[in-house]
Structures are given as structure tokens and as C-alpha cells.
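Reviewing the structure listed below.
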Amino acid sequence: MERKRLVVSYSNVTPEVLEAIRKKYPLGYNNHVIKVKTKGDDFFFAITVDTEEASYLVKVPVKVDAKGSINDDDNLDEINDEKESEEGFPDNDPSVDPED
């Protein structure tokens with residue numbers, strides 16, 4: 001007999017499913033979240049968990065950092081400029097004796 005495959009929101013899981021989540025992810029599920037595409041450009045984030053009766057895709061809330069990323073070319077240029085300007089300080093240059 002094959003298990004049912006169900007999609008459920010985290011806020012609506014049964015105590016049995018909640019216990020299965022706790023057992024499968026004892027340190028939390030943050031590093032196990034997957035992005036599930038739906039129709040068109042829609043998507044949701046979820047984790048997987050199995051019980052004796054069913055395999056669940058549990059929709060979980062995800063907070064996305066919208067402040068930009070390190071991969072953004074403008075941010076990367078600014079970081080490189082800062083590093084280059086810091087390299088010119090005598091404190092960062094081991095060949096310069098601070099007592100001279």
C-alpha cells in the first residue's frame with residue numbers, strides 16, 4: 001500500500017506530524033527548506049516529513065532578506081574599494097615600522 005502524498009500548512013499540522021517534524025529536524029529545519037514551484041511564477045517554501053500514513057510537504061513561513069546581496073556587482077565594487085583603501089594604512093603594512 002502506497003502512502004498518501006499531502007500538502008499542508010505548518011499552522012495546520014496535526015500533533016502527530018508536528019512530532020515527526022521534531023524527530024526529523026531536532027536542530028531545526030532552516031537548512032532543509034525547499035522552494036516548490038506552482039502554476040506560473042508562483043512558489044512556496046516547504047519541508048518534507050513522513051508518517052506511517054502519509055508523506056507530507058509542509059508549507060513553512062520563510063523570512064527573505066531583501067536588503068541586497070553580496071553577489072550584487074555594486075556592493076562588490078564598494079567592498080573591494082574599501083579593502084584597497086585600507087591596505088594603504090601603515091597599521092596594515094607589516095613592512096612599515098610604526099616607530100619611524
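Quick note on naming: the chains in the C-alpha cells go A, B, ... in the order shown, residues restart at 1 in each chain, and ligands are numbered from 1 in order of appearance.
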
Pull the alpha helix (DSSP H) assignments for segment 5-36 of chain A out of DSSP run on the backbone, and list those residues as a list in words. Pro15, Glu16, Val17, Leu18, Glu19, Ala20, Ile21, Arg22, Lys23 and Lys24 of chain A

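Near Leu18 of chain A, within 12 Å and counting only C-alpha atoms, sit Val8, Ser9, Tyr10, Ser11, Asn12, Val13, Thr14, Pro15, Ile21, Arg22, Lys23, Lys24, Tyr25, Pro26, Ile47, Thr48, Val49, Asp50, Thr51, Tyr56 and Val58 of chain A; same-chain residues fewer than 3 positions away were not included.
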
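The space separating atom CA of Glu52 of chain A from atom CA of Val7 of chain A comes to 15.7 Å.
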
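Minimum distance to Ile34 of chain A across A:Val17, A:Ala46, A:Leu6, A:Val60 (counting only C-alpha atoms) occurs at A:Ala46.
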
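Distance check against Lys63 of chain A using only C-alpha atoms: of A:Phe44, A:Leu27, A:Glu2, A:Ala20, the minimum falls on A:Phe44.
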